[in-house]
Structures are given as structure tokens and as C-alpha cells.
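Just final21.cif here, mmCIF, C-alpha atoms:
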```cif
data_run
loop_
_atom_site.label_atom_id
_atom_site.label_comp_id
_atom_site.auth_asym_id
_atom_site.auth_seq_id
_atom_site.Cartn_x
_atom_site.Cartn_y
_atom_site.Cartn_z
CA MET A 1 -22.04 -6.21 -6.98
CA SER A 2 -25.37 -6.47 -5.23
CA ASP A 3 -27.08 -7.23 -8.58
CA THR A 4 -25.41 -10.66 -8.69
CA GLY A 5 -25.76 -11.52 -5.02
CA TYR A 6 -22.00 -11.84 -4.65
CA ARG A 7 -20.70 -10.76 -1.23
CA PRO A 8 -17.01 -10.33 -0.61
CA GLY A 9 -15.59 -11.74 2.58
CA LEU A 10 -13.22 -10.55 5.25
CA HIS A 11 -9.53 -11.54 5.08
CA ILE A 12 -7.28 -10.87 8.08
CA LEU A 13 -3.51 -11.19 7.53
CA ALA A 14 -1.20 -10.85 10.50
CA THR A 15 2.30 -11.36 11.77
CA PHE A 16 2.61 -12.53 15.37
CA LYS A 17 5.41 -12.64 17.88
CA ALA A 18 5.02 -15.74 20.05
CA PRO A 19 7.01 -18.08 22.31
CA SER A 20 9.03 -20.63 20.33
CA ALA A 21 7.39 -23.59 22.06
CA ALA A 22 3.93 -22.63 20.77
CA LEU A 23 5.36 -22.13 17.28
CA ARG A 24 6.75 -25.69 17.25
CA ASP A 25 3.51 -27.25 18.51
CA LEU A 26 1.84 -28.40 15.29
CA ALA A 27 -0.46 -30.80 17.17
CA GLY A 28 -1.80 -28.09 19.47
CA CYS A 29 -2.51 -25.77 16.56
CA ARG A 30 -4.19 -28.54 14.60
CA GLN A 31 -6.45 -29.30 17.56
CA LEU A 32 -7.34 -25.60 17.82
CA PHE A 33 -8.21 -25.22 14.12
CA THR A 34 -10.25 -28.45 14.13
CA ARG A 35 -12.24 -27.20 17.12
CA LEU A 36 -12.81 -23.75 15.61
CA VAL A 37 -13.97 -25.14 12.26
CA ALA A 38 -16.49 -27.37 14.09
CA GLU A 39 -17.71 -24.76 16.56
CA LEU A 40 -18.19 -22.09 13.91
CA GLY A 41 -20.03 -24.45 11.54
CA LEU A 42 -17.47 -24.12 8.76
CA GLN A 43 -16.92 -26.84 6.19
CA GLN A 44 -13.40 -28.14 5.70
CA VAL A 45 -12.64 -29.75 2.34
CA GLY A 46 -8.91 -30.37 2.66
CA GLU A 47 -5.82 -29.55 4.66
CA ALA A 48 -2.04 -29.79 4.59
CA TRP A 49 0.24 -29.80 7.63
CA HIS A 50 4.01 -29.88 7.42
CA SER A 51 6.68 -29.77 10.14
CA PHE A 52 10.17 -28.54 9.39
CA PRO A 53 12.93 -30.57 11.07
CA GLU A 54 13.77 -28.93 14.40
CA ALA A 55 11.88 -25.81 13.36
CA GLY A 56 8.36 -24.55 12.78
CA PHE A 57 5.41 -25.75 10.76
CA THR A 58 3.21 -24.73 7.89
CA ALA A 59 -0.49 -25.39 7.55
CA VAL A 60 -3.24 -24.53 5.11
CA LEU A 61 -6.89 -25.49 5.50
CA ALA A 62 -9.22 -25.39 2.52
CA LEU A 63 -12.77 -24.51 3.52
CA THR A 64 -15.83 -24.18 1.34
CA GLU A 65 -15.77 -20.64 2.76
CA SER A 66 -12.14 -20.06 1.60
CA HIS A 67 -9.00 -20.75 3.68
CA LEU A 68 -6.90 -20.51 6.80
CA SER A 69 -3.09 -20.60 6.91
CA ILE A 70 -0.22 -20.37 9.35
CA HIS A 71 3.55 -20.42 8.85
CA THR A 72 5.79 -20.37 11.91
CA TRP A 73 9.44 -19.47 12.48
CA PRO A 74 10.17 -20.39 16.11
CA GLU A 75 13.82 -19.46 15.57
CA TYR A 76 12.64 -15.84 15.20
CA GLU A 77 9.57 -16.19 17.47
CA LEU A 78 7.44 -15.20 14.46
CA ALA A 79 4.39 -16.51 12.64
CA THR A 80 2.35 -15.30 9.71
CA PHE A 81 -1.36 -16.07 9.89
CA ASP A 82 -4.24 -15.67 7.42
CA VAL A 83 -7.94 -16.25 7.71
CA PHE A 84 -10.26 -15.52 4.81
CA LEU A 85 -13.94 -16.52 4.81
CA SER A 86 -16.22 -15.50 1.99
CA SER A 87 -19.67 -14.35 2.97
CA PHE A 88 -21.34 -16.17 0.12
CA ARG A 89 -24.09 -17.93 2.11
CA ARG A 90 -23.98 -15.90 5.32
CA ASP A 91 -21.91 -13.07 6.81
CA ASN A 92 -18.78 -14.75 8.17
CA SER A 93 -16.99 -11.62 9.41
CA GLU A 94 -17.56 -12.49 13.05
CA ALA A 95 -16.20 -16.01 12.48
CA VAL A 96 -13.06 -14.49 10.95
CA ARG A 97 -12.56 -12.29 14.02
CA THR A 98 -13.17 -15.21 16.39
CA ILE A 99 -10.61 -17.42 14.62
CA TYR A 100 -8.13 -14.58 14.66
CA ALA A 101 -8.57 -13.84 18.38
CA GLU A 102 -8.51 -17.51 19.40
CA THR A 103 -5.34 -18.20 17.44
CA LEU A 104 -3.62 -15.21 19.00
CA ARG A 105 -4.68 -16.40 22.44
CA HIS A 106 -3.71 -20.05 21.80
CA LEU A 107 -0.19 -19.06 20.73
CA GLU A 108 0.14 -16.53 23.58
CA ALA A 109 1.09 -14.19 20.80
CA THR A 110 1.31 -10.46 20.37
CA GLU A 111 0.35 -8.83 17.12
CA ILE A 112 3.23 -7.27 15.18
CA SER A 113 1.14 -6.29 12.18
CA LYS A 114 -2.43 -6.85 11.01
CA THR A 115 -4.21 -6.07 7.77
CA GLU A 116 -7.95 -6.41 7.19
CA LEU A 117 -9.21 -6.69 3.63
CA SER A 118 -12.77 -6.88 2.44
CA ARG A 119 -12.56 -8.84 -0.78
CA MET B 1 14.75 -7.55 11.80
CA SER B 2 18.07 -7.84 10.00
CA ASP B 3 19.75 -8.91 13.25
CA THR B 4 17.97 -12.26 13.12
CA GLY B 5 18.27 -12.85 9.40
CA TYR B 6 14.49 -12.99 9.01
CA ARG B 7 13.27 -11.66 5.67
CA PRO B 8 9.60 -11.01 5.10
CA GLY B 9 8.08 -12.21 1.86
CA LEU B 10 5.77 -10.76 -0.73
CA HIS B 11 2.04 -11.59 -0.62
CA ILE B 12 -0.18 -10.65 -3.57
CA LEU B 13 -3.95 -10.84 -3.04
CA ALA B 14 -6.25 -10.21 -5.97
CA THR B 15 -9.75 -10.50 -7.28
CA PHE B 16 -10.12 -11.44 -10.94
CA LYS B 17 -12.90 -11.27 -13.45
CA ALA B 18 -12.63 -14.24 -15.82
CA PRO B 19 -14.71 -16.33 -18.23
CA SER B 20 -16.85 -18.93 -16.41
CA ALA B 21 -15.32 -21.83 -18.33
CA ALA B 22 -11.83 -21.10 -16.97
CA LEU B 23 -13.24 -20.76 -13.45
CA ARG B 24 -14.77 -24.25 -13.66
CA ASP B 25 -11.60 -25.86 -15.02
CA LEU B 26 -9.98 -27.28 -11.89
CA ALA B 27 -7.78 -29.65 -13.92
CA GLY B 28 -6.33 -26.86 -16.04
CA CYS B 29 -5.54 -24.76 -12.99
CA ARG B 30 -3.96 -27.71 -11.22
CA GLN B 31 -1.73 -28.36 -14.21
CA LEU B 32 -0.69 -24.71 -14.23
CA PHE B 33 0.17 -24.61 -10.52
CA THR B 34 2.09 -27.91 -10.74
CA ARG B 35 4.12 -26.55 -13.65
CA LEU B 36 4.84 -23.23 -11.92
CA VAL B 37 5.94 -24.89 -8.67
CA ALA B 38 8.36 -27.09 -10.63
CA GLU B 39 9.68 -24.36 -12.94
CA LEU B 40 10.27 -21.92 -10.10
CA GLY B 41 12.01 -24.48 -7.93
CA LEU B 42 9.46 -24.23 -5.11
CA GLN B 43 8.80 -27.09 -2.72
CA GLN B 44 5.22 -28.26 -2.32
CA VAL B 45 4.40 -30.06 0.94
CA GLY B 46 0.65 -30.49 0.60
CA GLU B 47 -2.41 -29.43 -1.37
CA ALA B 48 -6.19 -29.50 -1.29
CA TRP B 49 -8.46 -29.24 -4.33
CA HIS B 50 -12.24 -29.17 -4.12
CA SER B 51 -14.88 -28.78 -6.82
CA PHE B 52 -18.32 -27.44 -5.99
CA PRO B 53 -21.14 -29.25 -7.79
CA GLU B 54 -21.92 -27.38 -11.00
CA ALA B 55 -19.92 -24.41 -9.78
CA GLY B 56 -16.36 -23.34 -9.13
CA PHE B 57 -13.46 -24.78 -7.20
CA THR B 58 -11.21 -24.03 -4.27
CA ALA B 59 -7.54 -24.88 -3.95
CA VAL B 60 -4.77 -24.29 -1.47
CA LEU B 61 -1.17 -25.36 -1.92
CA ALA B 62 1.17 -25.55 1.05
CA LEU B 63 4.74 -24.76 0.10
CA THR B 64 7.82 -24.70 2.30
CA GLU B 65 7.90 -21.07 1.10
CA SER B 66 4.29 -20.40 2.29
CA HIS B 67 1.13 -20.84 0.18
CA LEU B 68 -0.95 -20.31 -2.91
CA SER B 69 -4.77 -20.25 -3.02
CA ILE B 70 -7.62 -19.75 -5.45
CA HIS B 71 -11.37 -19.68 -4.94
CA THR B 72 -13.61 -19.34 -8.00
CA TRP B 73 -17.21 -18.25 -8.51
CA PRO B 74 -17.96 -18.90 -12.19
CA GLU B 75 -21.58 -17.87 -11.59
CA TYR B 76 -20.25 -14.32 -10.99
CA GLU B 77 -17.20 -14.65 -13.28
CA LEU B 78 -15.05 -13.95 -10.23
CA ALA B 79 -12.06 -15.50 -8.48
CA THR B 80 -9.97 -14.55 -5.47
CA PHE B 81 -6.31 -15.46 -5.70
CA ASP B 82 -3.41 -15.34 -3.21
CA VAL B 83 0.27 -16.07 -3.54
CA PHE B 84 2.61 -15.62 -0.61
CA LEU B 85 6.25 -16.76 -0.68
CA SER B 86 8.57 -16.03 2.18
CA SER B 87 12.06 -14.95 1.26
CA PHE B 88 13.67 -17.02 3.99
CA ARG B 89 16.33 -18.75 1.89
CA ARG B 90 16.30 -16.52 -1.18
CA ASP B 91 14.36 -13.52 -2.49
CA ASN B 92 11.15 -14.98 -3.94
CA SER B 93 9.49 -11.70 -4.97
CA GLU B 94 10.02 -12.36 -8.66
CA ALA B 95 8.53 -15.85 -8.31
CA VAL B 96 5.46 -14.30 -6.67
CA ARG B 97 5.05 -11.89 -9.60
CA THR B 98 5.54 -14.67 -12.14
CA ILE B 99 2.90 -16.89 -10.52
CA TYR B 100 0.53 -13.96 -10.37
CA ALA B 101 1.01 -13.00 -14.03
CA GLU B 102 0.81 -16.60 -15.30
CA THR B 103 -2.39 -17.28 -13.37
CA LEU B 104 -4.00 -14.12 -14.72
CA ARG B 105 -2.99 -15.14 -18.25
CA HIS B 106 -4.09 -18.76 -17.85
CA LEU B 107 -7.57 -17.71 -16.69
CA GLU B 108 -7.79 -15.00 -19.39
CA ALA B 109 -8.65 -12.81 -16.46
CA THR B 110 -8.71 -9.10 -15.80
CA GLU B 111 -7.69 -7.73 -12.45
CA ILE B 112 -10.51 -6.18 -10.41
CA SER B 113 -8.39 -5.48 -7.37
CA LYS B 114 -4.85 -6.25 -6.23
CA THR B 115 -3.04 -5.75 -2.94
CA GLU B 116 0.68 -6.27 -2.39
CA LEU B 117 1.92 -6.84 1.15
CA SER B 118 5.48 -7.27 2.31
CA ARG B 119 5.20 -9.46 5.40
#
```

Produce C-alpha cells that represent the structure in this file.
Amino acid sequence: MSDTGYRPGLHILATFKAPSAALRDLAGCRQLFTRLVAELGLQQVGEAWHSFPEAGFTAVLALTESHLSIHTWPEYELATFDVFLSSFRRDNSEAVRTIYAETLRHLEATEISKTELSR
Amino acid sequence: MSDTGYRPGLHILATFKAPSAALRDLAGCRQLFTRLVAELGLQQVGEAWHSFPEAGFTAVLALTESHLSIHTWPEYELATFDVFLSSFRRDNSEAVRTIYAETLRHLEATEISKTELSR
């Protein structure tokens, strides 16, 4: 749709295997996301963080560029992760890949599955 | 991974074409999502809603079952929509399809693209 100026963005969806401790550490993940949003010049407009009693956590961040989410199941050493940034004002594909790689590294995770969608 | 009891959930990702008026109507969409969460017995643990000046809106809902998101671009008559519910405690696939269909109907939208992922 180049006639309208609309540019789709990159969405990466993945399932990780990671150590339980990392998947219970809401505070560490929050610190990571806060740092990444700042460093990459993204604009956060809301967020929700929720810990499950003696289990994992769920988080979604609303960005003007779209969203970021993570849901963890430490009892299965699993997490599902999404990062989607529209490229409305600039090409954010590299930022998507950076957030993905840094989250994987932070959680000491291995990728079980990964899907990339241009949307 | 049936040995652990973990059940992946259904994630639908779509791009809609819809009338601009519906894509500016944050309040109407919020009412819809609130109703669907209640009717389907889902548990909301956080949300973020943001309106862009004279433009669209962005929303993410954190659910114990995962998340729901919408980003609208009324200037292009476009929206991107995601619904992902894990099937941890019960099979939520039908709830995912209901939310998808009701959102499409509410926005008087037509589907431009749709991806279904079991994750």
C-alpha cells in the first residue's frame, strides 16, 4: 500500500525454553524491557505486569509502535514472547530483532519455535 | 509436551480494513472487549489504552490466559488485531475464535490477512 504511505511492521512470535528462576523473575524482565524501550527510542504508553502465586508472570507493554508481551510457565521451563513494532514513522525491524535477541539472552533461553510476520 | 501437562494455545493475528469512524472509537472497542472478557469467563489482570491525537488508538489487555491487542490506523482504514489465549486450564480455542469474530463484526471490518498459530 505504498500509495497511502502505510508500512507494515515486523512481528516476531516465539516460544522459549529457559531456566525456571529467570521465568519467575518479573523484576529482572521489567528492568530489561524498560532499558530496551529507552535505548531504542520507543515510546511506551501503558503496561501491565502480573505475577502468578508461586509461578510465572505475564506482561504486556503498549507502545506507540505497537506492543511487546511475555507469558512465562516456570513449571514447564517455557515462555511465549511477542514483539511487534510498526514501521509507521521509521523502519523498526532492527529494533524488533534487538529486543528479541536481548530477551533471549537475558532469560538464558533457547528458542523452541519462532515465527516472523511482516504485517 | 503431554508429559508435563502443558497445552499450547491458539493465537490469531489479523489485519483488518474497516471504516475510519470505528477505528477512532476507543470507547466502543473498550466496551466490546470488557463484555467479551466477562462473557467468556476470562480473567483480566491489566490493560493499557491510548488514543493518538486525531488518529487511531492502541490497546493491550493482559489476561491470565495471555493477551489481546489492537492497533488502529483510521487514516488508512486499517487495524492490526491479536488474540492469544493459552489453553492451560481449559481449551480456549473457541473463545479465541469468538473474540476474533465479534471484533471483526463490531468494527464492520473485512479481513485483509489472518494467521493462526498454535503455540

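If you measure from each of B:Ser69, B:Gln31, B:Thr15, B:Ser51 to B:Ala109 using only C-alpha atoms, the closest one turns out to be B:Thr15.
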
Each residue of chain A with at least one atom at most 7 Å from chain B should appear once, together with its nearest atom pair and the corresponding distance in Å (one decimal); atoms considered: all atoms listed in the file; ordering: chain, then increasing residue number; output as a Markdown table.
```
| residue | atom | partner | partner_atom | distance |
| --- | --- | --- | --- | --- |
| A:Thr4 | CA | B:Tyr76 | CA | 6.7 |
| A:Val45 | CA | B:His50 | CA | 6.5 |
| A:Gly46 | CA | B:Ala48 | CA | 4.9 |
| A:Glu47 | CA | B:Ala48 | CA | 6.0 |
| A:Ala48 | CA | B:Gly46 | CA | 4.9 |
| A:His50 | CA | B:Val45 | CA | 6.5 |
| A:Ala59 | CA | B:Ala62 | CA | 6.7 |
| A:Val60 | CA | B:Ala62 | CA | 6.1 |
| A:Ala62 | CA | B:Val60 | CA | 6.1 |
| A:Ser66 | CA | B:His71 | CA | 6.6 |
| A:His71 | CA | B:Ser66 | CA | 6.6 |
| A:Tyr76 | CA | B:Thr4 | CA | 6.7 |
```

Since we have the selection now, will you write its residues out, keeping C-alpha atoms, as a compact mmCIF listing (two decimals), keeping the file's coordinate frame?
```
# COMPACT_ATOMS: atom_id res chain seq x y z
CA THR A 4 -25.41 -10.66 -8.69
CA VAL A 45 -12.64 -29.75 2.34
CA GLY A 46 -8.91 -30.37 2.66
CA GLU A 47 -5.82 -29.55 4.66
CA ALA A 48 -2.04 -29.79 4.59
CA HIS A 50 4.01 -29.88 7.42
CA ALA A 59 -0.49 -25.39 7.55
CA VAL A 60 -3.24 -24.53 5.11
CA ALA A 62 -9.22 -25.39 2.52
CA SER A 66 -12.14 -20.06 1.60
CA HIS A 71 3.55 -20.42 8.85
CA TYR A 76 12.64 -15.84 15.20
```

(request) Please indicate the distance in Å from atom CA of A:Val83 to atom CA of B:Ala21, rounded to one decimal place. (result)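 Interatomic distance, atom CA of A:Val83 to atom CA of B:Ala21: 27.6 Å.
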
Check what the PyMOL selection byres ((chain B and resi 20) around 7) selects in the file above and give those residues as a PDB file with C-alpha atoms, keeping the file's coordinate frame.
```
ATOM      1  CA  ALA B  18     -12.630 -14.240 -15.820  1.00  0.00           C
ATOM      2  CA  PRO B  19     -14.710 -16.330 -18.230  1.00  0.00           C
ATOM      3  CA  ALA B  21     -15.320 -21.830 -18.330  1.00  0.00           C
ATOM      4  CA  ALA B  22     -11.830 -21.100 -16.970  1.00  0.00           C
ATOM      5  CA  LEU B  23     -13.240 -20.760 -13.450  1.00  0.00           C
ATOM      6  CA  ARG B  24     -14.770 -24.250 -13.660  1.00  0.00           C
ATOM      7  CA  PRO B  74     -17.960 -18.900 -12.190  1.00  0.00           C
ATOM      8  CA  GLU B  75     -21.580 -17.870 -11.590  1.00  0.00           C
ATOM      9  CA  GLU B  77     -17.200 -14.650 -13.280  1.00  0.00           C
TER      10      GLU B  77
END
```

Which centre and which edge lengths, in Å to one decimal, describe the axis-aligned box that holds all listed atoms of stretch 55-62 of chain A after 4 Å is added on each side, as lines of an AutoDock Vina configuration file?
```
center_x = 1.3
center_y = -25.2
center_z = 7.9
size_x = 29.1
size_y = 9.3
size_z = 18.8
```

(message) Could you list, as an MDAnalysis selection string, every residue within 10 Å of B:Asp91, counting all atoms listed in the file and ignoring same-chain residues fewer than 6 positions away?
(response) chainID B and resid 7:10 85

(message) Taking the file as I've supplied it (selection: the PyMOL selection byres ((chain B and resi 100) around 9)), which residues are included? Please answer as a ChimeraX atom specification.
(response) /B:12,14,81-83,95-99,101-105

(request) Identify which of the residues B:Arg89, B:Lys17, B:Asp25, B:Gly41 lies closest to B:Glu111, counting only C-alpha atoms when measuring atom-to-atom distances. (result)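 Between B:Arg89, B:Lys17, B:Asp25, B:Gly41, the residue approaching B:Glu111 most closely is B:Lys17.
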
(request) Using atom CA of A:Glu94 and atom CA of A:Glu108 as the two end points, give the distance in Å to one decimal. (result)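 Spanning atom CA of A:Glu94 to atom CA of A:Glu108 is a straight-line distance of 21.0 Å.
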
(message) One number please: atom CA of B:Arg35 to atom CA of B:His106, in Å, one decimal.
(response) 12.1 Å
